[in-house]
6 protein chains.
Amino acid sequence: MSETTAREQQFTRGREVLDAVDGEAGAKVIDALADVSPELAHQVVAWAFGEMYARPALQPRDRQLVTLGILTALGGCEPQLDVHVNAALNVGLTPTEITEAMLHAAVYCGFPRALNATFAAKKVFAERGLLPVA
Amino acid sequence: MSETTAREQQFTRGREVLDAVDGEAGAKVIDALADVSPELAHQVVAWAFGEMYARPALQPRDRQLVTLGILTALGGCEPQLDVHVNAALNVGLTPTEITEAMLHAAVYCGFPRALNATFAAKKVFAERGLLPVA
Amino acid sequence: MSETTAREQQFTRGREVLDAVDGEAGAKVIDALADVSPELAHQVVAWAFGEMYARPALQPRDRQLVTLGILTALGGCEPQLDVHVNAALNVGLTPTEITEAMLHAAVYCGFPRALNATFAAKKVFAERGLLPVA
Amino acid sequence: MSETTAREQQFTRGREVLDAVDGEAGAKVIDALADVSPELAHQVVAWAFGEMYARPALQPRDRQLVTLGILTALGGCEPQLDVHVNAALNVGLTPTEITEAMLHAAVYCGFPRALNATFAAKKVFAERGLLPVA
Amino acid sequence: MSETTAREQQFTRGREVLDAVDGEAGAKVIDALADVSPELAHQVVAWAFGEMYARPALQPRDRQLVTLGILTALGGCEPQLDVHVNAALNVGLTPTEITEAMLHAAVYCGFPRALNATFAAKKVFAERGLLPVA
Amino acid sequence: MSETTAREQQFTRGREVLDAVDGEAGAKVIDALADVSPELAHQVVAWAFGEMYARPALQPRDRQLVTLGILTALGGCEPQLDVHVNAALNVGLTPTEITEAMLHAAVYCGFPRALNATFAAKKVFAERGLLPVA
């Protein structure tokens, strides 16, 4: 197997994981990179999803809890929260668990980050007909 | 007094402080949380304002100086700066003091954060007819 | 029930949750605050643990996954990671899940944060005789 | 030479450097500050550009590589990335080097920051007719 | 007046402000830069203190409240908090106001940052015989 | 070529790049991960160095300028600055260029970050007999 083939296989595997976890929202980000940084698109798919997400040591649901914590804490990641609130729902977290994770975040990174993340979640929930959160 | 009543009393006390400090801008945030995370709304009101803001150990004006410093430094807190530049004016800080605090912030967290905060303040000043800042 | 009593009850409830989750490591932090900011100690116990951690909407294990994500992303939280890697073990996360969560974090907040968190975990694992991680 | 004159000279020198590096994008920021914080405008021009950028110890191209790294890492600096991707092009960095620097940033501050910066660069490249990046 | 003289005058003015605000703790930082980055030392003194701190638009006490908010929020600024808790005391803030500002910070940037700042303050208070804080 | 072999090849290639860029300082980090997170060690070597650093689109010297900007801005990355100030020297940046990059950073992320990075550089320069910086 040539190096090129190994690279293609990693991409193919990553694309399957990306589609399963992030769905349409992830695909849009990848497409938008095509004319500006195709290698960044490749690395998101082949490495982040093909290598990291594909590892069995942490359940998909658990990966999204960690991810929601990180994205809430970083701030300025509203586009990524849009993708990953969808991903969190896709892998089985409930709207209540998602908003509770963001409420919990207020303890560790303060209310502004918790509020911004919760409003990003509200946008996704509205698009998927999940409001009001019980 | 039952636990529920204690919780209600904290909310009532917090709402008074929130209205006095943040005014309409704060109320809008609370209302927008009703269908996505009512508990986050409760905690902002009952804990942040009912417990923390209500403490006499720091003057309201001083709390806003600290808050402006934090929100400027964090970045990505434009919605919160909108609320707290209003709050800063409500508790007696002048537009000059507010922009000077943000200029001072450039020393400690750099010009991009100082610029973004200053443009958030400009939006509030414009809405309240306070431009140009003398 | 007087306001003082409500405050005391929140503290008592919080202390039970804090002891169950954080154990000795949490207690040391609270004790160290006694002579400099007893109110900060009170709020960590009564609010963070008595109100937020006590909520049933998210499992203790899930709260620690979110917390590990946040603390890894924030950076400069080695003392808090020391407490919360212990907490994560106390509520049932395995060393493998903890290090995998930090590896996963590299995707979202980069390798330096992932490395610093992993070395904080290594210190705790060593103290508890959990090295090498299988 | 009076203190006022020294201040004016620093501003004049800074304005020349600002115009050479940032071009029109920088000038717009300065103009927008006139009615809210003229001193912040002065310090950006006179100090950041007149004193710091004017120093010969680092090439203009190298300053922009450092700046792109910082702005990518900070997050929430899309307005500043807009100015500095233009600046990077103005001082001789190619679109490929700029997107590669942001891809490289994924290693150190994660994919969300790298993606947000890359999309800020895409906007500038589109405005200057530089898409697709070869 | 030559440019060199203007530069020297800014340094002299800045050194007076630095000594008045930061005292011995600030002087140590400046001295430690002499063999690695004398220009950074110059800019801290001449610009940060000679230009920014010297402005009358914000009281020294208010500047320290903003500064404490920023340094608490940034994290990883324990050496700077050491200098600026001393500075805060030098310009008239009480230990109670300082710890209250850090408690207040928990609302906006979370407990880990508030705790780390409070322990930095505890170290300074201990050195100055100000413990326990009443 | 099997998947395992592809993985081993990436590691081998990465190790060569890591050794060339980071030298002994990088090797120590990798070794320290062996008993706590061998997969994190693998990914640093195989992905960060084998895939990202190995790309020819940006010169090694330019990658370190971007890296120094990011690590300075992030804060709390003193261990990584230790490695990458060494790396910067290894790929041809001079002590003067390194300290100038950190001085430049003060414009964009403030003096505390610039100071902490400069003191991390001072430690490396001292170890390599490069003080005083001319």
# chains A, B, ... in the order shown; residues from 1 in each chain; ligands from 1
call {"tool": "residues_around", "arguments": {"residues": "D:Arg7", "least_positions_apart": "4", "cutoff": "10 Å", "atoms": "only C-alpha atoms", "output": "list in words"}}
result
Ser2, Glu3, Phe11, Thr12, His42, Ala46 and Trp47 of chain D; Ala6 of chain E
call {"tool": "write_last_selection", "arguments": {"atoms": "all heavy atoms", "output": "PDB file, in the first residue's frame"}}
result
ATOM      1  N   SER D   2       8.645  70.385  22.160  1.00  0.00           N
ATOM      2  CA  SER D   2       7.715  70.244  23.277  1.00  0.00           C
ATOM      3  C   SER D   2       7.164  68.825  23.337  1.00  0.00           C
ATOM      4  O   SER D   2       7.281  68.064  22.387  1.00  0.00           O
ATOM      5  CB  SER D   2       6.554  71.215  23.113  1.00  0.00           C
ATOM      6  OG  SER D   2       5.736  70.787  22.042  1.00  0.00           O
ATOM      7  N   GLU D   3       6.542  68.520  24.487  1.00  0.00           N
ATOM      8  CA  GLU D   3       5.961  67.185  24.646  1.00  0.00           C
ATOM      9  C   GLU D   3       4.871  66.947  23.601  1.00  0.00           C
ATOM     10  O   GLU D   3       4.745  65.863  23.046  1.00  0.00           O
ATOM     11  CB  GLU D   3       5.393  67.057  26.059  1.00  0.00           C
ATOM     12  CG  GLU D   3       5.154  65.622  26.467  1.00  0.00           C
ATOM     13  CD  GLU D   3       4.814  65.532  27.944  1.00  0.00           C
ATOM     14  OE1 GLU D   3       5.644  65.947  28.781  1.00  0.00           O
ATOM     15  OE2 GLU D   3       3.714  65.067  28.232  1.00  0.00           O
ATOM     16  N   PHE D  11       2.894  60.064  16.310  1.00  0.00           N
ATOM     17  CA  PHE D  11       1.675  59.739  15.559  1.00  0.00           C
ATOM     18  C   PHE D  11       1.949  59.751  14.052  1.00  0.00           C
ATOM     19  O   PHE D  11       1.528  58.844  13.331  1.00  0.00           O
ATOM     20  CB  PHE D  11       0.558  60.737  15.906  1.00  0.00           C
ATOM     21  CG  PHE D  11      -0.752  60.377  15.240  1.00  0.00           C
ATOM     22  CD1 PHE D  11      -1.633  59.497  15.833  1.00  0.00           C
ATOM     23  CD2 PHE D  11      -1.085  60.922  13.995  1.00  0.00           C
ATOM     24  CE1 PHE D  11      -2.829  59.152  15.215  1.00  0.00           C
ATOM     25  CE2 PHE D  11      -2.280  60.577  13.359  1.00  0.00           C
ATOM     26  CZ  PHE D  11      -3.150  59.689  13.968  1.00  0.00           C
ATOM     27  N   THR D  12       2.660  60.756  13.589  1.00  0.00           N
ATOM     28  CA  THR D  12       2.964  60.864  12.154  1.00  0.00           C
ATOM     29  C   THR D  12       3.785  59.671  11.675  1.00  0.00           C
ATOM     30  O   THR D  12       3.486  59.060  10.652  1.00  0.00           O
ATOM     31  CB  THR D  12       3.756  62.164  11.880  1.00  0.00           C
ATOM     32  OG1 THR D  12       2.962  63.268  12.338  1.00  0.00           O
ATOM     33  CG2 THR D  12       4.040  62.325  10.391  1.00  0.00           C
ATOM     34  N   HIS D  42      -5.072  56.985  18.979  1.00  0.00           N
ATOM     35  CA  HIS D  42      -3.723  57.546  19.030  1.00  0.00           C
ATOM     36  C   HIS D  42      -2.691  56.493  19.427  1.00  0.00           C
ATOM     37  O   HIS D  42      -1.613  56.406  18.827  1.00  0.00           O
ATOM     38  CB  HIS D  42      -3.664  58.728  20.011  1.00  0.00           C
ATOM     39  CG  HIS D  42      -2.282  59.280  20.173  1.00  0.00           C
ATOM     40  ND1 HIS D  42      -1.719  60.163  19.282  1.00  0.00           N
ATOM     41  CD2 HIS D  42      -1.325  59.014  21.097  1.00  0.00           C
ATOM     42  CE1 HIS D  42      -0.475  60.426  19.654  1.00  0.00           C
ATOM     43  NE2 HIS D  42      -0.212  59.751  20.757  1.00  0.00           N
ATOM     44  N   ALA D  46       0.406  55.648  17.287  1.00  0.00           N
ATOM     45  CA  ALA D  46       1.680  56.204  17.747  1.00  0.00           C
ATOM     46  C   ALA D  46       2.551  55.169  18.445  1.00  0.00           C
ATOM     47  O   ALA D  46       3.772  55.139  18.250  1.00  0.00           O
ATOM     48  CB  ALA D  46       1.425  57.389  18.699  1.00  0.00           C
ATOM     49  N   TRP D  47       1.935  54.328  19.259  1.00  0.00           N
ATOM     50  CA  TRP D  47       2.741  53.353  19.984  1.00  0.00           C
ATOM     51  C   TRP D  47       2.886  52.036  19.226  1.00  0.00           C
ATOM     52  O   TRP D  47       3.994  51.627  18.893  1.00  0.00           O
ATOM     53  CB  TRP D  47       2.182  53.084  21.397  1.00  0.00           C
ATOM     54  CG  TRP D  47       3.076  52.159  22.172  1.00  0.00           C
ATOM     55  CD1 TRP D  47       4.311  52.450  22.674  1.00  0.00           C
ATOM     56  CD2 TRP D  47       2.835  50.783  22.480  1.00  0.00           C
ATOM     57  NE1 TRP D  47       4.853  51.336  23.284  1.00  0.00           N
ATOM     58  CE2 TRP D  47       3.973  50.301  23.183  1.00  0.00           C
ATOM     59  CE3 TRP D  47       1.768  49.920  22.235  1.00  0.00           C
ATOM     60  CZ2 TRP D  47       4.062  48.985  23.635  1.00  0.00           C
ATOM     61  CZ3 TRP D  47       1.860  48.610  22.688  1.00  0.00           C
ATOM     62  CH2 TRP D  47       2.999  48.152  23.384  1.00  0.00           C
TER      63      TRP D  47
ATOM     64  N   ALA E   6      13.484  62.599  24.383  1.00  0.00           N
ATOM     65  CA  ALA E   6      12.062  62.327  24.590  1.00  0.00           C
ATOM     66  C   ALA E   6      11.870  60.930  25.169  1.00  0.00           C
ATOM     67  O   ALA E   6      11.084  60.729  26.098  1.00  0.00           O
ATOM     68  CB  ALA E   6      11.303  62.464  23.264  1.00  0.00           C
TER      69      ALA E   6
END
call {"tool": "residues_around", "arguments": {"residues": "B:Cys77", "least_positions_apart": "3", "cutoff": "12 Å", "atoms": "only C-alpha atoms", "output": "ChimeraX atom specification"}}
result
/A:74-78,110-117 /B:67-74,80-85,113,116-117,120-121 /D:75-77 /E:108-109
call {"tool": "interface_residues", "arguments": {"of": "chain A", "to": "chain D", "cutoff": "9 Å", "atoms": "only C-alpha atoms", "output": "number ranges by chain"}}
result
A: 29, 32-40, 43-44, 48, 71, 74-77, 79-80
call {"tool": "write_last_selection", "arguments": {"atoms": "N, CA, C and O atoms", "output": "mmCIF file, in the first residue's frame"}}
result
data_model
loop_
_atom_site.group_PDB
_atom_site.id
_atom_site.type_symbol
_atom_site.label_atom_id
_atom_site.label_comp_id
_atom_site.auth_asym_id
_atom_site.auth_seq_id
_atom_site.Cartn_x
_atom_site.Cartn_y
_atom_site.Cartn_z
ATOM 1 N N VAL A 29 -18.868 22.383 6.675
ATOM 2 C CA VAL A 29 -17.583 22.999 7.033
ATOM 3 C C VAL A 29 -16.487 22.490 6.095
ATOM 4 O O VAL A 29 -15.679 23.272 5.581
ATOM 5 N N ALA A 32 -16.740 24.024 2.684
ATOM 6 C CA ALA A 32 -16.390 25.449 2.654
ATOM 7 C C ALA A 32 -14.879 25.672 2.647
ATOM 8 O O ALA A 32 -14.403 26.760 2.319
ATOM 9 N N LEU A 33 -14.113 24.648 3.025
ATOM 10 C CA LEU A 33 -12.653 24.776 3.054
ATOM 11 C C LEU A 33 -12.002 24.470 1.701
ATOM 12 O O LEU A 33 -10.812 24.741 1.503
ATOM 13 N N ALA A 34 -12.763 23.887 0.787
ATOM 14 C CA ALA A 34 -12.177 23.342 -0.447
ATOM 15 C C ALA A 34 -11.338 24.349 -1.224
ATOM 16 O O ALA A 34 -10.273 24.009 -1.752
ATOM 17 N N ASP A 35 -11.781 25.603 -1.282
ATOM 18 C CA ASP A 35 -11.053 26.570 -2.111
ATOM 19 C C ASP A 35 -10.043 27.406 -1.330
ATOM 20 O O ASP A 35 -9.322 28.203 -1.929
ATOM 21 N N VAL A 36 -9.999 27.237 -0.013
ATOM 22 C CA VAL A 36 -9.062 28.077 0.752
ATOM 23 C C VAL A 36 -7.988 27.245 1.464
ATOM 24 O O VAL A 36 -6.831 27.666 1.536
ATOM 25 N N SER A 37 -8.337 26.077 1.975
ATOM 26 C CA SER A 37 -7.345 25.265 2.685
ATOM 27 C C SER A 37 -7.740 23.792 2.639
ATOM 28 O O SER A 37 -8.140 23.208 3.646
ATOM 29 N N PRO A 38 -7.615 23.166 1.461
ATOM 30 C CA PRO A 38 -8.026 21.756 1.343
ATOM 31 C C PRO A 38 -7.282 20.841 2.312
ATOM 32 O O PRO A 38 -7.839 19.833 2.751
ATOM 33 N N GLU A 39 -6.064 21.205 2.667
ATOM 34 C CA GLU A 39 -5.334 20.356 3.614
ATOM 35 C C GLU A 39 -5.945 20.438 5.015
ATOM 36 O O GLU A 39 -5.941 19.446 5.758
ATOM 37 N N LEU A 40 -6.450 21.592 5.396
ATOM 38 C CA LEU A 40 -7.135 21.689 6.691
ATOM 39 C C LEU A 40 -8.370 20.792 6.680
ATOM 40 O O LEU A 40 -8.646 20.073 7.651
ATOM 41 N N GLN A 43 -7.205 17.221 7.101
ATOM 42 C CA GLN A 43 -6.767 16.881 8.458
ATOM 43 C C GLN A 43 -7.944 16.765 9.426
ATOM 44 O O GLN A 43 -7.926 15.920 10.330
ATOM 45 N N VAL A 44 -8.938 17.632 9.279
ATOM 46 C CA VAL A 44 -10.127 17.505 10.129
ATOM 47 C C VAL A 44 -10.755 16.123 9.923
ATOM 48 O O VAL A 44 -11.094 15.420 10.881
ATOM 49 N N ALA A 48 -8.628 14.141 12.763
ATOM 50 C CA ALA A 48 -9.527 14.340 13.904
ATOM 51 C C ALA A 48 -10.587 13.242 13.964
ATOM 52 O O ALA A 48 -10.816 12.640 15.019
ATOM 53 N N LEU A 71 -15.490 23.546 24.142
ATOM 54 C CA LEU A 71 -15.973 24.630 23.265
ATOM 55 C C LEU A 71 -16.649 25.734 24.071
ATOM 56 O O LEU A 71 -16.522 26.917 23.745
ATOM 57 N N LEU A 74 -13.660 27.679 25.718
ATOM 58 C CA LEU A 74 -12.801 28.458 24.822
ATOM 59 C C LEU A 74 -13.426 29.804 24.485
ATOM 60 O O LEU A 74 -12.750 30.818 24.408
ATOM 61 N N GLY A 75 -14.739 29.824 24.278
ATOM 62 C CA GLY A 75 -15.400 31.043 23.818
ATOM 63 C C GLY A 75 -15.098 31.309 22.357
ATOM 64 O O GLY A 75 -14.100 30.817 21.809
ATOM 65 N N GLY A 76 -15.968 32.064 21.720
ATOM 66 C CA GLY A 76 -15.747 32.394 20.310
ATOM 67 C C GLY A 76 -15.870 31.201 19.385
ATOM 68 O O GLY A 76 -15.437 31.253 18.232
ATOM 69 N N CYS A 77 -16.431 30.101 19.869
ATOM 70 C CA CYS A 77 -16.579 28.863 19.081
ATOM 71 C C CYS A 77 -18.035 28.597 18.731
ATOM 72 O O CYS A 77 -18.448 27.430 18.645
ATOM 73 N N PRO A 79 -19.590 28.762 15.853
ATOM 74 C CA PRO A 79 -19.766 27.873 14.695
ATOM 75 C C PRO A 79 -19.521 26.410 15.045
ATOM 76 O O PRO A 79 -20.204 25.516 14.539
ATOM 77 N N GLN A 80 -18.539 26.166 15.908
ATOM 78 C CA GLN A 80 -18.234 24.784 16.286
ATOM 79 C C GLN A 80 -19.307 24.235 17.232
ATOM 80 O O GLN A 80 -19.625 23.051 17.182
#
call {"tool": "select_by_dssp", "arguments": {"residues": "chain D", "states": "alpha helix (DSSP H)", "output": "PyMOL selection string"}}
result
chain D and resi 3-21+24-32+38-43+60-74+78-90+95-109+111-127
call {"tool": "closest_residue", "arguments": {"among": "A:Val45, A:Leu65, A:Val21, A:Met52", "to": "A:Leu93", "atoms": "only C-alpha atoms"}}
result
A:Leu65
call {"tool": "closest_residue", "arguments": {"among": "E:Ala27, E:Ala101, E:Val124, E:Val17", "to": "B:Tyr53", "atoms": "only C-alpha atoms"}}
result
E:Ala101
call {"tool": "residues_around", "arguments": {"residues": "B:Ala57", "least_positions_apart": "2", "cutoff": "7 Å", "atoms": "only C-alpha atoms", "output": "JSON list (two decimals) with C-alpha atoms, in the first residue's frame"}}
result
[["chain", "number", "residue", "atom", "x", "y", "z"],
["B", 55, "ARG", "CA", -22.98, 41.80, 48.96],
["B", 59, "GLN", "CA", -19.53, 49.22, 45.67],
["E", 97, "GLU", "CA", -12.08, 44.78, 48.58],
["E", 100, "GLU", "CA", -14.29, 40.55, 47.13]]
call {"tool": "decode", "arguments": {"residues": "stretch 72-110 of chain D", "atoms": "N, CA and C atoms", "output": "compact mmCIF listing (two decimals), in the first residue's frame"}}
result
# COMPACT_ATOMS: atom_id res chain seq x y z
N THR D 72 -4.89 34.03 15.86
CA THR D 72 -5.54 32.73 15.73
C THR D 72 -5.76 32.11 17.11
N ALA D 73 -4.74 32.17 17.94
CA ALA D 73 -4.82 31.55 19.26
C ALA D 73 -5.80 32.25 20.19
N LEU D 74 -5.85 33.58 20.14
CA LEU D 74 -6.72 34.31 21.06
C LEU D 74 -8.18 33.98 20.83
N GLY D 75 -8.59 33.84 19.58
CA GLY D 75 -10.00 33.65 19.29
C GLY D 75 -10.78 34.94 19.45
N GLY D 76 -11.92 35.02 18.78
CA GLY D 76 -12.74 36.23 18.90
C GLY D 76 -12.10 37.45 18.28
N CYS D 77 -11.06 37.27 17.47
CA CYS D 77 -10.34 38.38 16.85
C CYS D 77 -10.58 38.44 15.35
N GLU D 78 -11.77 38.05 14.90
CA GLU D 78 -12.05 38.08 13.48
C GLU D 78 -11.85 39.47 12.88
N PRO D 79 -12.29 40.56 13.55
CA PRO D 79 -12.03 41.88 12.94
C PRO D 79 -10.54 42.15 12.78
N GLN D 80 -9.74 41.70 13.74
CA GLN D 80 -8.29 41.95 13.66
C GLN D 80 -7.66 41.03 12.61
N LEU D 81 -8.17 39.82 12.47
CA LEU D 81 -7.64 38.94 11.43
C LEU D 81 -7.93 39.52 10.06
N ASP D 82 -9.08 40.13 9.90
CA ASP D 82 -9.41 40.78 8.64
C ASP D 82 -8.32 41.82 8.28
N VAL D 83 -7.95 42.63 9.25
CA VAL D 83 -6.89 43.63 9.02
C VAL D 83 -5.55 42.95 8.76
N HIS D 84 -5.23 41.94 9.54
CA HIS D 84 -3.87 41.40 9.49
C HIS D 84 -3.65 40.33 8.42
N VAL D 85 -4.70 39.71 7.91
CA VAL D 85 -4.51 38.89 6.72
C VAL D 85 -4.20 39.82 5.54
N ASN D 86 -4.91 40.94 5.49
CA ASN D 86 -4.53 41.95 4.50
C ASN D 86 -3.09 42.41 4.70
N ALA D 87 -2.72 42.70 5.93
CA ALA D 87 -1.36 43.14 6.22
C ALA D 87 -0.34 42.09 5.81
N ALA D 88 -0.64 40.84 6.11
CA ALA D 88 0.28 39.75 5.77
C ALA D 88 0.52 39.71 4.25
N LEU D 89 -0.54 39.86 3.49
CA LEU D 89 -0.38 39.91 2.04
C LEU D 89 0.42 41.14 1.62
N ASN D 90 0.15 42.26 2.27
CA ASN D 90 0.84 43.51 1.92
C ASN D 90 2.35 43.44 2.12
N VAL D 91 2.79 42.67 3.11
CA VAL D 91 4.23 42.60 3.39
C VAL D 91 4.88 41.37 2.77
N GLY D 92 4.16 40.64 1.93
CA GLY D 92 4.82 39.63 1.13
C GLY D 92 4.55 38.17 1.43
N LEU D 93 3.73 37.90 2.43
CA LEU D 93 3.35 36.50 2.65
C LEU D 93 2.35 36.08 1.57
N THR D 94 2.46 34.84 1.13
CA THR D 94 1.54 34.34 0.11
C THR D 94 0.29 33.75 0.77
N PRO D 95 -0.81 33.64 0.02
CA PRO D 95 -2.00 32.98 0.57
C PRO D 95 -1.69 31.58 1.08
N THR D 96 -0.82 30.86 0.39
CA THR D 96 -0.46 29.51 0.84
C THR D 96 0.26 29.53 2.18
N GLU D 97 1.18 30.50 2.35
CA GLU D 97 1.86 30.59 3.64
C GLU D 97 0.89 30.96 4.76
N ILE D 98 -0.04 31.83 4.45
CA ILE D 98 -1.01 32.25 5.47
C ILE D 98 -1.90 31.08 5.90
N THR D 99 -2.44 30.33 4.94
CA THR D 99 -3.30 29.20 5.33
C THR D 99 -2.48 28.08 5.97
N GLU D 100 -1.23 27.95 5.56
CA GLU D 100 -0.37 26.93 6.19
C GLU D 100 -0.08 27.31 7.65
N ALA D 101 0.13 28.61 7.90
CA ALA D 101 0.36 29.06 9.28
C ALA D 101 -0.86 28.74 10.14
N MET D 102 -2.05 28.88 9.57
CA MET D 102 -3.27 28.60 10.34
C MET D 102 -3.49 27.11 10.51
N LEU D 103 -3.11 26.32 9.52
CA LEU D 103 -3.15 24.86 9.67
C LEU D 103 -2.18 24.43 10.77
N HIS D 104 -0.97 25.00 10.73
CA HIS D 104 0.02 24.72 11.77
C HIS D 104 -0.52 25.06 13.15
N ALA D 105 -1.30 26.13 13.23
CA ALA D 105 -1.86 26.56 14.53
C ALA D 105 -2.75 25.49 15.13
N ALA D 106 -3.37 24.64 14.30
CA ALA D 106 -4.23 23.58 14.84
C ALA D 106 -3.48 22.69 15.83
N VAL D 107 -2.18 22.50 15.59
CA VAL D 107 -1.37 21.68 16.49
C VAL D 107 -1.33 22.28 17.90
N TYR D 108 -1.26 23.60 17.95
CA TYR D 108 -1.01 24.27 19.23
C TYR D 108 -2.24 24.86 19.89
N CYS D 109 -3.25 25.23 19.11
CA CYS D 109 -4.46 25.76 19.76
C CYS D 109 -5.74 25.10 19.25
N GLY D 110 -5.63 24.01 18.51
CA GLY D 110 -6.81 23.23 18.16
C GLY D 110 -7.50 23.67 16.88
